[in-house]
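Just entry.cif here, mmCIF, C-alpha atoms and all ligand atoms:
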data_input
#
loop_
_atom_site.label_atom_id
_atom_site.label_comp_id
_atom_site.auth_asym_id
_atom_site.auth_seq_id
_atom_site.Cartn_x
_atom_site.Cartn_y
_atom_site.Cartn_z
CA MET A 1 38.96 162.74 30.54
CA LYS A 2 37.18 160.81 27.79
CA ILE A 3 34.86 158.07 28.93
CA GLN A 4 36.08 154.63 27.86
CA ALA A 5 34.46 151.19 27.78
CA ILE A 6 34.70 149.21 31.03
CA ARG A 7 37.84 147.06 31.23
CA GLY A 8 37.19 143.58 29.88
CA MET A 9 34.02 144.64 28.06
CA GLN A 10 34.61 144.65 24.34
CA ASP A 11 33.09 146.76 21.61
CA LEU A 12 32.43 144.68 18.53
CA LEU A 13 33.36 146.71 15.44
CA PRO A 14 31.53 145.84 12.21
CA ARG A 15 33.97 143.15 11.02
CA GLN A 16 34.07 141.50 14.45
CA GLN A 17 30.30 141.71 14.80
CA ALA A 18 29.96 140.13 11.35
CA ILE A 19 32.07 137.18 12.53
CA PHE A 20 29.91 136.82 15.65
CA SER A 21 26.74 136.94 13.54
CA HIS A 22 28.18 134.34 11.17
CA ILE A 23 28.89 132.02 14.11
CA THR A 24 25.45 132.58 15.65
CA THR A 25 23.68 131.90 12.35
CA THR A 26 25.70 128.76 11.68
CA VAL A 27 25.28 127.39 15.19
CA SER A 28 21.56 128.14 15.28
CA GLU A 29 21.03 126.30 11.98
CA VAL A 30 22.80 123.22 13.34
CA LEU A 31 20.86 123.38 16.66
CA ASN A 32 17.56 123.78 14.83
CA SER A 33 18.39 120.80 12.64
CA TYR A 34 18.48 118.64 15.81
CA GLY A 35 15.12 119.95 17.03
CA TYR A 36 16.41 122.31 19.75
CA GLU A 37 14.18 125.27 20.64
CA LYS A 38 15.57 128.72 21.34
CA ILE A 39 14.70 130.43 24.63
CA GLY A 40 15.43 133.88 26.05
CA LEU A 41 16.59 134.38 29.62
CA PRO A 42 17.05 137.49 31.78
CA VAL A 43 20.55 138.87 32.22
CA LEU A 44 19.83 139.56 35.91
CA GLU A 45 18.85 136.86 38.38
CA SER A 46 18.69 136.51 42.16
CA THR A 47 22.17 136.06 43.59
CA ALA A 48 20.84 133.04 45.51
CA LEU A 49 20.26 131.18 42.23
CA PHE A 50 23.95 131.11 41.33
CA LYS A 51 25.09 130.47 44.88
CA ARG A 52 22.87 127.41 44.98
CA ALA A 53 23.33 126.14 41.43
CA VAL A 54 26.95 126.92 40.63
CA GLY A 55 28.15 126.33 44.21
CA GLU A 56 29.54 128.56 46.96
CA ALA A 57 33.06 127.17 46.67
CA THR A 58 33.56 127.73 42.95
CA ASP A 59 35.73 130.41 41.35
CA ILE A 60 32.61 131.97 39.84
CA VAL A 61 30.73 132.46 43.11
CA GLU A 62 33.80 133.12 45.25
CA LYS A 63 35.32 135.88 43.17
CA GLU A 64 33.89 136.43 39.72
CA MET A 65 30.28 137.57 40.06
CA TYR A 66 28.96 141.05 39.42
CA THR A 67 26.63 141.29 42.40
CA PHE A 68 24.82 144.35 43.69
CA ASP A 69 21.78 145.37 45.69
CA ASP A 70 19.03 146.91 43.57
CA ARG A 71 16.90 149.81 44.78
CA ASN A 72 14.73 147.50 46.85
CA GLY A 73 17.74 146.04 48.63
CA GLU A 74 17.45 142.70 46.83
CA SER A 75 20.77 141.05 45.91
CA LEU A 76 21.00 140.60 42.14
CA THR A 77 23.75 139.15 39.95
CA LEU A 78 24.59 139.64 36.29
CA ARG A 79 24.46 136.06 35.04
CA PRO A 80 27.93 134.45 34.91
CA GLU A 81 26.60 131.45 32.96
CA GLY A 82 23.34 130.20 31.45
CA THR A 83 22.58 126.78 32.91
CA ALA A 84 21.30 128.01 36.29
CA GLY A 85 18.88 130.48 34.66
CA CYS A 86 17.69 127.86 32.18
CA VAL A 87 16.94 125.35 34.94
CA ARG A 88 15.20 128.10 36.93
CA MET A 89 13.05 128.97 33.91
CA ALA A 90 12.18 125.38 33.05
CA GLN A 91 11.11 124.73 36.63
CA GLN A 92 9.20 127.97 37.09
CA HIS A 93 7.11 127.24 34.00
CA GLY A 94 6.63 123.55 34.72
CA LEU A 95 8.61 122.41 31.68
CA THR A 96 10.73 119.68 33.17
CA TYR A 97 8.66 117.26 35.22
CA ASN A 98 7.97 114.10 33.21
CA GLN A 99 8.87 115.91 30.00
CA VAL A 100 11.66 115.84 27.51
CA GLN A 101 13.08 119.21 26.49
CA ARG A 102 15.88 120.47 24.26
CA PHE A 103 16.57 124.19 24.67
CA TRP A 104 19.24 126.60 23.50
CA TYR A 105 20.07 130.21 24.25
CA ALA A 106 22.61 132.85 23.26
CA GLY A 107 23.75 136.00 24.96
CA PRO A 108 26.25 137.83 27.14
CA MET A 109 27.64 136.47 30.41
CA PHE A 110 29.57 138.44 33.03
CA ARG A 111 32.54 137.42 35.17
CA HIS A 112 35.00 139.63 36.98
CA GLU A 113 38.23 137.92 35.85
CA ARG A 114 41.57 139.23 34.66
CA PRO A 115 40.98 140.37 31.07
CA GLN A 116 43.30 138.99 28.40
CA LYS A 117 43.06 137.55 24.91
CA GLY A 118 40.04 135.21 24.89
CA ARG A 119 39.07 136.11 28.47
CA TYR A 120 36.77 139.06 29.05
CA ARG A 121 34.43 140.36 31.73
CA GLN A 122 31.50 140.43 29.34
CA PHE A 123 31.58 137.54 26.90
CA GLU A 124 29.15 135.77 24.64
CA GLN A 125 27.96 132.19 24.99
CA ILE A 126 25.70 129.90 23.04
CA GLY A 127 24.45 127.09 25.21
CA ALA A 128 22.13 124.10 24.96
CA GLU A 129 20.38 122.29 27.82
CA CYS A 130 18.42 119.03 27.64
CA PHE A 131 16.07 117.72 30.30
CA GLY A 132 14.47 114.37 31.03
CA MET A 133 16.86 112.10 29.13
CA ALA A 134 19.05 109.88 31.26
CA GLY A 135 21.62 109.19 28.54
CA PRO A 136 23.97 108.17 27.15
CA ASP A 137 22.38 108.63 23.70
CA ILE A 138 21.54 112.29 24.43
CA ASP A 139 25.15 112.74 25.63
CA ALA A 140 26.25 111.43 22.24
CA GLU A 141 23.78 113.66 20.42
CA LEU A 142 25.25 116.76 22.08
CA LEU A 143 28.74 115.69 21.05
CA PHE A 144 27.66 114.86 17.48
CA MET A 145 26.00 118.25 17.34
CA THR A 146 29.03 120.17 18.61
CA ALA A 147 31.27 118.21 16.21
CA ARG A 148 28.94 119.23 13.38
CA ILE A 149 29.18 122.88 14.46
CA TRP A 150 33.01 122.79 14.14
CA GLN A 151 32.71 121.11 10.78
CA THR A 152 30.19 123.66 9.50
CA LEU A 153 32.40 126.52 10.70
CA GLY A 154 35.44 124.89 9.07
CA LEU A 155 37.19 124.53 12.44
CA GLN A 156 37.19 120.75 12.82
CA ALA A 157 40.96 120.50 12.34
CA ASP A 158 41.60 123.02 15.12
CA VAL A 159 39.67 121.45 17.98
CA THR A 160 39.80 118.19 19.91
CA LEU A 161 37.33 116.61 22.25
CA GLU A 162 38.35 115.70 25.81
CA LEU A 163 36.02 113.44 27.72
CA ASN A 164 35.63 112.11 31.23
CA THR A 165 33.06 110.60 33.56
CA LEU A 166 32.62 111.77 37.14
CA GLY A 167 30.32 108.96 38.22
CA ASN A 168 27.22 109.45 40.35
CA SER A 169 27.15 111.60 43.45
CA ALA A 170 27.94 108.66 45.75
CA SER A 171 31.07 107.77 43.81
CA ARG A 172 32.09 111.41 43.75
CA SER A 173 31.69 111.69 47.51
CA ALA A 174 33.66 108.51 48.16
CA PHE A 175 36.47 109.65 45.91
CA LYS A 176 36.43 113.11 47.48
CA LEU A 177 36.94 111.60 50.94
CA ALA A 178 39.83 109.46 49.73
CA LEU A 179 41.41 112.43 47.95
CA VAL A 180 41.18 114.68 51.00
CA ASP A 181 42.58 111.89 53.18
CA TYR A 182 45.53 111.46 50.88
CA LEU A 183 46.29 115.13 50.21
CA THR A 184 45.99 116.13 53.86
CA LYS A 185 49.17 114.15 54.45
CA PHE A 186 50.97 116.44 51.98
CA LYS A 187 49.23 119.64 53.02
CA ASP A 188 52.47 121.59 53.40
CA GLU A 189 53.56 120.73 49.86
CA LEU A 190 50.34 121.91 48.22
CA ASP A 191 49.99 125.30 46.57
CA GLU A 192 47.92 127.86 48.43
CA ASP A 193 44.79 127.54 46.24
CA SER A 194 44.77 123.77 46.51
CA ARG A 195 45.27 123.88 50.28
CA ARG A 196 42.20 126.10 50.55
CA ARG A 197 40.23 123.81 48.22
CA LEU A 198 41.04 120.84 50.39
CA THR A 199 38.22 122.02 52.64
CA THR A 200 36.02 123.91 50.14
CA ASN A 201 36.10 122.11 46.77
CA PRO A 202 38.65 119.24 46.73
CA LEU A 203 37.81 117.96 43.20
CA ARG A 204 39.02 121.25 41.77
CA ILE A 205 42.54 120.38 42.95
CA LEU A 206 42.65 117.83 40.10
CA ASP A 207 42.77 120.58 37.49
CA SER A 208 45.38 122.66 39.32
CA LYS A 209 48.03 124.02 36.97
CA VAL A 210 50.75 123.81 39.63
CA GLU A 211 53.33 121.16 38.72
CA LYS A 212 54.19 120.08 42.26
CA THR A 213 50.48 119.57 43.00
CA GLN A 214 50.06 117.50 39.84
CA GLU A 215 53.05 115.34 40.89
CA LEU A 216 51.45 114.66 44.25
CA LEU A 217 48.21 113.67 42.54
CA ILE A 218 49.90 110.99 40.42
CA SER A 219 50.42 108.72 43.44
CA GLY A 220 47.04 109.60 44.95
CA PRO A 221 43.74 107.74 44.67
CA SER A 222 42.42 107.29 41.13
CA PHE A 223 39.00 108.71 40.35
CA GLN A 224 38.48 105.86 37.88
CA ALA A 225 38.51 103.29 40.70
CA TYR A 226 35.56 104.96 42.41
CA ILE A 227 33.19 105.30 39.46
CA ASP A 228 29.97 103.33 39.91
CA PRO A 229 29.18 100.51 37.44
CA GLU A 230 26.16 102.26 35.90
CA SER A 231 28.15 105.40 35.10
CA MET A 232 30.94 103.24 33.70
CA ALA A 233 28.50 101.36 31.46
CA ASP A 234 26.97 104.63 30.24
CA PHE A 235 30.41 105.98 29.53
CA GLU A 236 31.31 102.91 27.48
CA GLN A 237 28.07 103.15 25.54
CA LEU A 238 28.80 106.82 24.82
CA ARG A 239 32.29 105.94 23.60
CA ARG A 240 30.88 103.24 21.32
CA LEU A 241 28.55 105.79 19.71
CA LEU A 242 31.38 108.29 19.25
CA ASP A 243 33.58 105.58 17.72
CA ALA A 244 30.82 104.48 15.35
CA ARG A 245 30.29 108.05 14.18
CA GLN A 246 34.07 108.55 14.02
CA VAL A 247 34.13 111.49 16.40
CA ASP A 248 37.68 111.52 17.79
CA TYR A 249 38.20 112.12 21.51
CA ARG A 250 40.70 111.70 24.29
CA VAL A 251 39.70 110.45 27.73
CA ASN A 252 41.16 112.98 30.17
CA PRO A 253 40.67 112.16 33.87
CA ALA A 254 41.77 115.69 34.83
CA ILE A 255 38.54 117.16 33.46
CA VAL A 256 36.37 117.74 36.51
CA ARG A 257 34.86 121.11 35.45
CA GLY A 258 34.77 124.09 37.75
CA LEU A 259 31.10 123.98 38.63
CA ASP A 260 29.61 121.89 41.41
CA TYR A 261 26.64 120.55 39.55
CA TYR A 262 28.25 118.06 37.17
CA ASN A 263 28.07 114.26 37.33
CA LYS A 264 28.71 111.40 34.88
CA THR A 265 29.72 112.72 31.42
CA VAL A 266 31.82 115.88 31.30
CA PHE A 267 33.62 117.20 28.23
CA GLU A 268 35.61 120.06 26.79
CA TRP A 269 36.43 120.98 23.22
CA VAL A 270 39.93 122.44 23.33
CA THR A 271 42.20 124.10 20.81
CA ASP A 272 45.92 124.78 20.73
CA THR A 273 45.47 127.90 18.58
CA LEU A 274 44.52 130.33 21.38
CA GLY A 275 47.27 130.03 24.00
CA ALA A 276 46.12 129.71 27.59
CA GLN A 277 42.41 130.28 26.85
CA ASN A 278 42.18 126.89 25.18
CA THR A 279 38.63 125.69 25.96
CA VAL A 280 36.08 126.76 23.38
CA CYS A 281 33.12 124.67 24.48
CA ALA A 282 32.45 122.83 27.70
CA GLY A 283 29.65 120.93 29.32
CA GLY A 284 28.34 117.83 30.95
CA ARG A 285 25.60 116.09 32.80
CA TYR A 286 23.93 117.65 35.87
CA ASP A 287 21.33 115.15 37.03
CA GLY A 288 21.06 116.63 40.53
CA LEU A 289 20.66 120.28 39.64
CA VAL A 290 16.91 120.53 39.09
CA GLU A 291 16.27 118.91 42.47
CA GLN A 292 18.95 121.08 44.07
CA LEU A 293 16.97 124.10 42.91
CA GLY A 294 13.79 122.78 44.47
CA GLY A 295 12.30 120.82 41.56
CA LYS A 296 11.36 117.17 41.18
CA PRO A 297 14.31 114.92 40.25
CA THR A 298 14.99 115.46 36.52
CA THR A 299 18.07 114.55 34.55
CA GLY A 300 19.89 117.25 32.61
CA ILE A 301 22.85 117.73 30.32
CA GLY A 302 24.17 120.71 28.39
CA PHE A 303 27.09 122.69 27.07
CA ALA A 304 28.19 126.29 26.58
CA MET A 305 30.35 127.53 23.75
CA GLY A 306 32.46 130.69 24.13
CA LEU A 307 31.81 132.78 21.04
CA ASP A 308 34.63 135.24 21.69
CA ARG A 309 37.13 132.41 21.48
CA VAL A 310 35.50 130.85 18.42
CA ALA A 311 35.58 134.30 16.79
CA LEU A 312 39.32 134.60 17.48
CA MET A 313 39.82 131.24 15.76
CA LEU A 314 37.90 132.38 12.69
CA ASP A 315 39.37 135.87 12.49
CA GLY A 316 42.24 135.13 10.10
CA ARG A 317 40.12 133.29 7.58
CA TYR A 318 36.84 135.19 7.61
CA GLU A 319 36.21 137.20 4.46
CA SER A 320 34.19 140.33 5.05
CA ARG A 321 31.16 140.56 2.83
CA ALA A 322 30.42 143.67 0.74
CA VAL A 323 28.24 146.19 2.59
CA ALA A 324 26.11 147.04 -0.46
CA ASP A 325 25.23 145.74 -3.92
CA ILE A 326 24.27 149.13 -5.30
CA TYR A 327 25.69 152.52 -4.41
CA VAL A 328 23.67 155.60 -5.42
CA ALA A 329 25.64 158.79 -6.14
CA SER A 330 24.09 162.14 -7.07
CA MET A 331 24.98 165.76 -7.66
CA GLY A 332 22.76 168.74 -6.89
CA GLU A 333 19.61 169.10 -4.85
CA VAL A 334 17.12 167.81 -7.43
CA ALA A 335 19.27 164.76 -8.18
CA ARG A 336 19.71 163.98 -4.50
CA HIS A 337 15.97 164.07 -4.00
CA GLN A 338 15.60 161.63 -6.92
CA ALA A 339 18.39 159.41 -5.58
CA MET A 340 16.61 158.96 -2.26
CA LEU A 341 13.34 157.97 -3.98
CA LEU A 342 15.10 155.73 -6.53
CA ALA A 343 16.78 153.80 -3.72
CA GLU A 344 13.44 153.32 -1.98
CA SER A 345 11.77 151.95 -5.12
CA ILE A 346 14.65 149.52 -5.72
CA ARG A 347 14.24 148.32 -2.10
CA ASP A 348 10.47 147.99 -2.72
CA ILE A 349 10.71 146.02 -5.94
CA LEU A 350 13.98 144.10 -5.48
CA PRO A 351 14.13 143.61 -1.71
CA GLY A 352 17.01 141.13 -1.96
CA LEU A 353 19.42 143.88 -2.99
CA ARG A 354 21.31 146.08 -0.55
CA VAL A 355 21.17 149.71 -1.62
CA MET A 356 23.32 152.43 -0.10
CA VAL A 357 22.78 156.14 -0.82
CA HIS A 358 25.65 158.60 -0.59
CA CYS A 359 23.53 161.07 1.44
CA THR A 360 25.89 164.04 1.64
CA GLU A 361 27.20 166.58 -0.91
CA GLY A 362 30.47 165.61 -2.53
CA LYS A 363 32.36 165.54 -5.80
CA PHE A 364 31.43 162.61 -8.04
CA LYS A 365 34.98 161.33 -7.80
CA ALA A 366 34.81 161.19 -4.01
CA GLN A 367 31.39 159.56 -4.16
CA LEU A 368 32.63 156.87 -6.54
CA LYS A 369 35.55 156.21 -4.21
CA LYS A 370 33.04 155.53 -1.45
CA ALA A 371 31.07 153.35 -3.85
CA ASP A 372 34.22 151.35 -4.53
CA ALA A 373 35.00 151.04 -0.82
CA SER A 374 31.50 149.67 -0.16
CA ASN A 375 32.40 146.81 -2.52
CA ALA A 376 29.13 147.39 -4.38
CA THR A 377 28.77 145.79 -7.80
CA ILE A 378 27.10 148.79 -9.39
CA ALA A 379 26.97 152.55 -8.89
CA LEU A 380 23.90 154.45 -10.02
CA VAL A 381 24.73 158.03 -10.91
CA ILE A 382 22.33 160.97 -11.13
CA GLY A 383 23.76 164.36 -12.19
CA ASP A 384 22.37 167.43 -13.97
CA ASP A 385 22.43 165.69 -17.39
CA GLU A 386 20.62 162.60 -16.10
CA VAL A 387 17.96 164.76 -14.42
CA ALA A 388 17.46 166.72 -17.66
CA GLN A 389 17.23 163.54 -19.80
CA GLY A 390 15.10 161.48 -17.36
CA GLU A 391 17.93 158.94 -17.21
CA ILE A 392 20.08 157.19 -14.66
CA GLY A 393 23.78 156.49 -15.13
CA LEU A 394 24.86 152.93 -14.44
CA LYS A 395 28.47 152.05 -13.79
CA HIS A 396 29.84 148.54 -13.19
CA LEU A 397 32.38 148.95 -10.43
CA ARG A 398 34.16 145.64 -11.05
CA GLY A 399 35.83 145.20 -14.43
CA ASP A 400 34.39 147.30 -17.27
CA SER A 401 33.90 150.76 -15.81
CA GLN A 402 32.19 152.58 -18.74
CA GLN A 403 29.08 154.40 -17.62
CA ILE A 404 25.93 153.68 -19.62
CA ASN A 405 22.76 155.71 -19.28
CA VAL A 406 19.40 154.01 -18.96
CA ALA A 407 15.92 155.56 -19.10
CA ALA A 408 14.73 156.00 -15.50
CA ASN A 409 11.70 153.77 -16.20
CA ASP A 410 13.92 150.89 -17.34
CA ILE A 411 16.34 150.86 -14.42
CA ILE A 412 14.59 148.13 -12.41
CA GLU A 413 14.50 145.80 -15.43
CA HIS A 414 18.18 146.50 -15.97
CA LEU A 415 19.13 145.76 -12.36
CA ASN A 416 17.08 142.59 -12.50
CA LYS A 417 19.23 141.41 -15.42
CA VAL A 418 22.49 142.30 -13.67
CA PHE A 419 21.72 140.66 -10.32
CA PHE A 420 19.25 137.85 -10.92
P1 LIG B 501 38.06 128.74 31.70
O1 LIG B 501 38.67 127.49 32.24
O2 LIG B 501 38.67 129.18 30.41
O3 LIG B 501 37.99 129.83 32.73
P2 LIG B 501 35.40 127.97 32.38
O4 LIG B 501 35.54 126.56 32.77
O5 LIG B 501 35.32 129.01 33.44
O6 LIG B 501 36.55 128.37 31.33
P3 LIG B 501 32.67 127.61 31.44
O7 LIG B 501 32.04 128.18 32.64
O8 LIG B 501 32.61 126.17 31.23
O9 LIG B 501 34.18 128.14 31.36
O10 LIG B 501 32.09 128.37 30.14
C1 LIG B 501 32.02 127.72 28.86
C2 LIG B 501 32.86 128.44 27.83
O11 LIG B 501 32.65 129.84 27.88
C3 LIG B 501 34.35 128.30 28.03
O12 LIG B 501 34.80 127.10 27.50
C4 LIG B 501 34.87 129.48 27.24
O13 LIG B 501 34.91 129.19 25.87
C5 LIG B 501 33.83 130.53 27.50
N1 LIG B 501 34.27 131.43 28.56
C6 LIG B 501 34.24 131.24 29.91
N2 LIG B 501 34.71 132.32 30.57
C7 LIG B 501 35.05 133.23 29.60
C8 LIG B 501 35.58 134.55 29.63
N3 LIG B 501 35.84 135.19 30.77
N4 LIG B 501 35.80 135.20 28.43
C9 LIG B 501 35.52 134.59 27.26
N5 LIG B 501 35.02 133.34 27.19
C10 LIG B 501 34.77 132.66 28.32
MG MG B 502 36.72 130.33 34.31
#
Is it possible to give me this structure as structure tokens?
Ligand code: ATP
Ligand code: MG
Amino acid sequence: MKIQAIRGMQDLLPRQQAIFSHITTTVSEVLNSYGYEKIGLPVLESTALFKRAVGEATDIVEKEMYTFDDRNGESLTLRPEGTAGCVRMAQQHGLTYNQVQRFWYAGPMFRHERPQKGRYRQFEQIGAECFGMAGPDIDAELLFMTARIWQTLGLQADVTLELNTLGNSASRSAFKLALVDYLTKFKDELDEDSRRRLTTNPLRILDSKVEKTQELLISGPSFQAYIDPESMADFEQLRRLLDARQVDYRVNPAIVRGLDYYNKTVFEWVTDTLGAQNTVCAGGRYDGLVEQLGGKPTTGIGFAMGLDRVALMLDGRYESRAVADIYVASMGEVARHQAMLLAESIRDILPGLRVMVHCTEGKFKAQLKKADASNATIALVIGDDEVAQGEIGLKHLRGDSQQINVAANDIIEHLNKVFF
């Protein structure tokens, strides 16, 4: 049997990888333009980190983590998300206490879920995390920044912003109690997941997809009524900033986010172009997390964007770029030797150009077919005649296809004229 990739772990073929690179470059330029600094984080962390940060009763910790004992018997987990690791790093290196930080990171995350379009077991995220700013102006900055990312990628018409506030931890707790009180009366009518969450993670019941459960919730306590005045004022201030900048949004009280650590502002950028996997970027405020992980109280807010889903959105409209500008074809051993050295001197003198050498024996016709397929602008041709004359053949591959021969010493000057 042939060995295949692990289920849910995608290979990125050149076109797909090019789309990912395009997204990463675009996003990093926008993040840099707001003064965010890139960090690198390990893919493996202590299992305890995610249990504590993400929460024992979340989908991620309950059933999605890739956890194993390493050779020393220590429990390790392939990171399912980036916030926990970023907070761990910031704390470990003393970067949060009494400081303001804006970080971003990119890389693979791992979750054992059911693979389908836009949902994989290894997937790529770009995330940003900010520390030491109580908001709501930094909340607005993150939303301005994500809006600018969609605009720069040309996706602004395909996404909408959904926004909510969860209040402080006291208002969350009070609402939780009221919710459990109310739903316990209808325990038998709840779906199985929600019944279980009644004791483990009641807020998650709010984003249940089961219709009957949603119906029950309509007559239940309203989260809104429990939000503390400070959170409400912050939320209004955030909305004023979004309105002033004309960033459209919808307030959606059902957004509670799956992770335990959120408070106050939470948001999701959603799209209706991807079917069920409709969230492309999600985040919120996590003022209690640093302390929860053993640090001094420090406010935090961040988001993570799912690159695989953004790539699916761009797929239809992304135009692959040519692989090479110049394709070097040759015939015979002496010519091939010259072709290799010619390509190197072009790369030395005109480093902006991409030069591809044919590198195997083949009829000129077949070589020029490859040159055409590379989408190069020019083919350089070295055959017996060219070797004998000290010349190089130059063929424009787009439009006029007559070959002209140029003295080998003049070829750089010629290419300079063609390309620059
Ligand atoms: P979902 O509700 O789709 O499961 P989530 O709430 O679990 O998403 P987050 O933990 O907030 O997702 O991660 C942020 C973003 O990362 C998501 O909005 C999504 O774009 C992307 N993402 C999450 N899980 C996956 C996955 N398994 N495959 C691809 N992208 C993912
Ligand atoms: Mg999920």
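Taking only C-alpha atoms, the non-local environment of segment 106-112 of chain A within 6 Å (same-chain residues fewer than 4 positions away omitted) comprises Glu64, Met65, Arg79, Pro80, Glu81, Arg121, Gln122, Phe123, Glu124, Gln125 and Ile126 of chain A.
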At a cut-off of 8 Å from (42.8, 119.7, 46.0) in the coordinates of the file, what residues are picked up using all atoms listed in the file, written as a count of residues only?
15
Nearby residues, ligand MG 502 (chain B), 10 Å, only C-alpha atoms and all ligand atoms, as a PyMOL selection string
chain A and resi 58-60+64+80+111-113+119+257-259+277+279
For the residues in the current selection, export C-alpha atoms as a PDB file, in the coordinates of the input.
ATOM      1  CA  THR A  58      33.560 127.730  42.950  1.00  0.00           C
ATOM      2  CA  ASP A  59      35.730 130.410  41.350  1.00  0.00           C
ATOM      3  CA  ILE A  60      32.610 131.970  39.840  1.00  0.00           C
ATOM      4  CA  GLU A  64      33.890 136.430  39.720  1.00  0.00           C
ATOM      5  CA  PRO A  80      27.930 134.450  34.910  1.00  0.00           C
ATOM      6  CA  ARG A 111      32.540 137.420  35.170  1.00  0.00           C
ATOM      7  CA  HIS A 112      35.000 139.630  36.980  1.00  0.00           C
ATOM      8  CA  GLU A 113      38.230 137.920  35.850  1.00  0.00           C
ATOM      9  CA  ARG A 119      39.070 136.110  28.470  1.00  0.00           C
ATOM     10  CA  ARG A 257      34.860 121.110  35.450  1.00  0.00           C
ATOM     11  CA  GLY A 258      34.770 124.090  37.750  1.00  0.00           C
ATOM     12  CA  LEU A 259      31.100 123.980  38.630  1.00  0.00           C
ATOM     13  CA  GLN A 277      42.410 130.280  26.850  1.00  0.00           C
ATOM     14  CA  THR A 279      38.630 125.690  25.960  1.00  0.00           C
TER      15      THR A 279
END
Using all atoms listed in the file, which residue out of A:Leu78, A:Gly118, A:Asn252, A:Thr47 lies closest to Gly306 of chain A?
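Checking each of A:Leu78, A:Gly118, A:Asn252, A:Thr47 against Gly306 of chain A, counting all atoms listed in the file, the winner is A:Gly118.
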If we count only C-alpha atoms, what is near segment 364-366 of chain A at a cut-off of 10 Å, once residues fewer than 3 positions away on the same chain are taken out, given as a PyMOL selection string?
chain A and resi 329-331+361+369-372+381-383
What would the file look like if the residues just selected were written as a short mmCIF file (atom, residue, chain, number, x, y, z; two decimals), in the frame of the given file with C-alpha atoms?
data_model
loop_
_atom_site.label_atom_id
_atom_site.label_comp_id
_atom_site.auth_asym_id
_atom_site.auth_seq_id
_atom_site.Cartn_x
_atom_site.Cartn_y
_atom_site.Cartn_z
CA ALA A 329 25.64 158.79 -6.14
CA SER A 330 24.09 162.14 -7.07
CA MET A 331 24.98 165.76 -7.66
CA GLU A 361 27.20 166.58 -0.91
CA LYS A 369 35.55 156.21 -4.21
CA LYS A 370 33.04 155.53 -1.45
CA ALA A 371 31.07 153.35 -3.85
CA ASP A 372 34.22 151.35 -4.53
CA VAL A 381 24.73 158.03 -10.91
CA ILE A 382 22.33 160.97 -11.13
CA GLY A 383 23.76 164.36 -12.19
#
Tell me, as number ranges by chain, which residues lie within 7 Å of Phe131 of chain A, counting all atoms listed in the file; anything in the same chain fewer than 2 positions away does not count.
A: 96, 100-102, 129, 133, 298-301
Fewer than 5 positions away in the same chain doesn't count, so skip those; otherwise give me all residues within 12 Å of Asp410 of chain A, counting all atoms listed in the file, as a ChimeraX atom specification.
/A:342,346,390-394,405,415-417
Please, what distance in Å, to one decimal, runs between atom CA of Glu211 of chain A and atom O4 of ligand LIG 501 (chain B)?
19.5 Å
Provide segment 287-297 of chain A of the preceding structure as a file containing N, CA and C atoms, as an mmCIF file, in the first residue's frame.
data_model
loop_
_atom_site.group_PDB
_atom_site.id
_atom_site.type_symbol
_atom_site.label_atom_id
_atom_site.label_comp_id
_atom_site.auth_asym_id
_atom_site.auth_seq_id
_atom_site.Cartn_x
_atom_site.Cartn_y
_atom_site.Cartn_z
ATOM 1 N N ASP A 287 -9.410 39.513 29.296
ATOM 2 C CA ASP A 287 -8.721 40.241 30.363
ATOM 3 C C ASP A 287 -8.263 39.362 31.525
ATOM 4 N N GLY A 288 -8.890 38.187 31.689
ATOM 5 C CA GLY A 288 -8.518 37.355 32.835
ATOM 6 C C GLY A 288 -7.451 36.317 32.536
ATOM 7 N N LEU A 289 -7.082 36.182 31.279
ATOM 8 C CA LEU A 289 -6.262 35.023 30.895
ATOM 9 C C LEU A 289 -4.836 35.051 31.457
ATOM 10 N N VAL A 290 -4.207 36.213 31.411
ATOM 11 C CA VAL A 290 -2.820 36.288 31.881
ATOM 12 C C VAL A 290 -2.755 35.874 33.353
ATOM 13 N N GLU A 291 -3.699 36.387 34.135
ATOM 14 C CA GLU A 291 -3.747 36.051 35.553
ATOM 15 C C GLU A 291 -4.058 34.561 35.743
ATOM 16 N N GLN A 292 -4.980 34.063 34.923
ATOM 17 C CA GLN A 292 -5.352 32.648 34.989
ATOM 18 C C GLN A 292 -4.144 31.745 34.750
ATOM 19 N N LEU A 293 -3.184 32.249 33.972
ATOM 20 C CA LEU A 293 -1.983 31.458 33.704
ATOM 21 C C LEU A 293 -0.847 31.818 34.656
ATOM 22 N N GLY A 294 -1.191 32.479 35.747
ATOM 23 C CA GLY A 294 -0.212 32.713 36.796
ATOM 24 C C GLY A 294 0.505 34.048 36.719
ATOM 25 N N GLY A 295 0.092 34.937 35.834
ATOM 26 C CA GLY A 295 0.748 36.242 35.713
ATOM 27 C C GLY A 295 0.023 37.311 36.508
ATOM 28 N N LYS A 296 0.589 38.525 36.496
ATOM 29 C CA LYS A 296 -0.086 39.649 37.136
ATOM 30 C C LYS A 296 -1.239 40.072 36.219
ATOM 31 N N PRO A 297 -2.329 40.598 36.818
ATOM 32 C CA PRO A 297 -3.482 40.988 35.993
ATOM 33 C C PRO A 297 -3.056 41.892 34.834
#
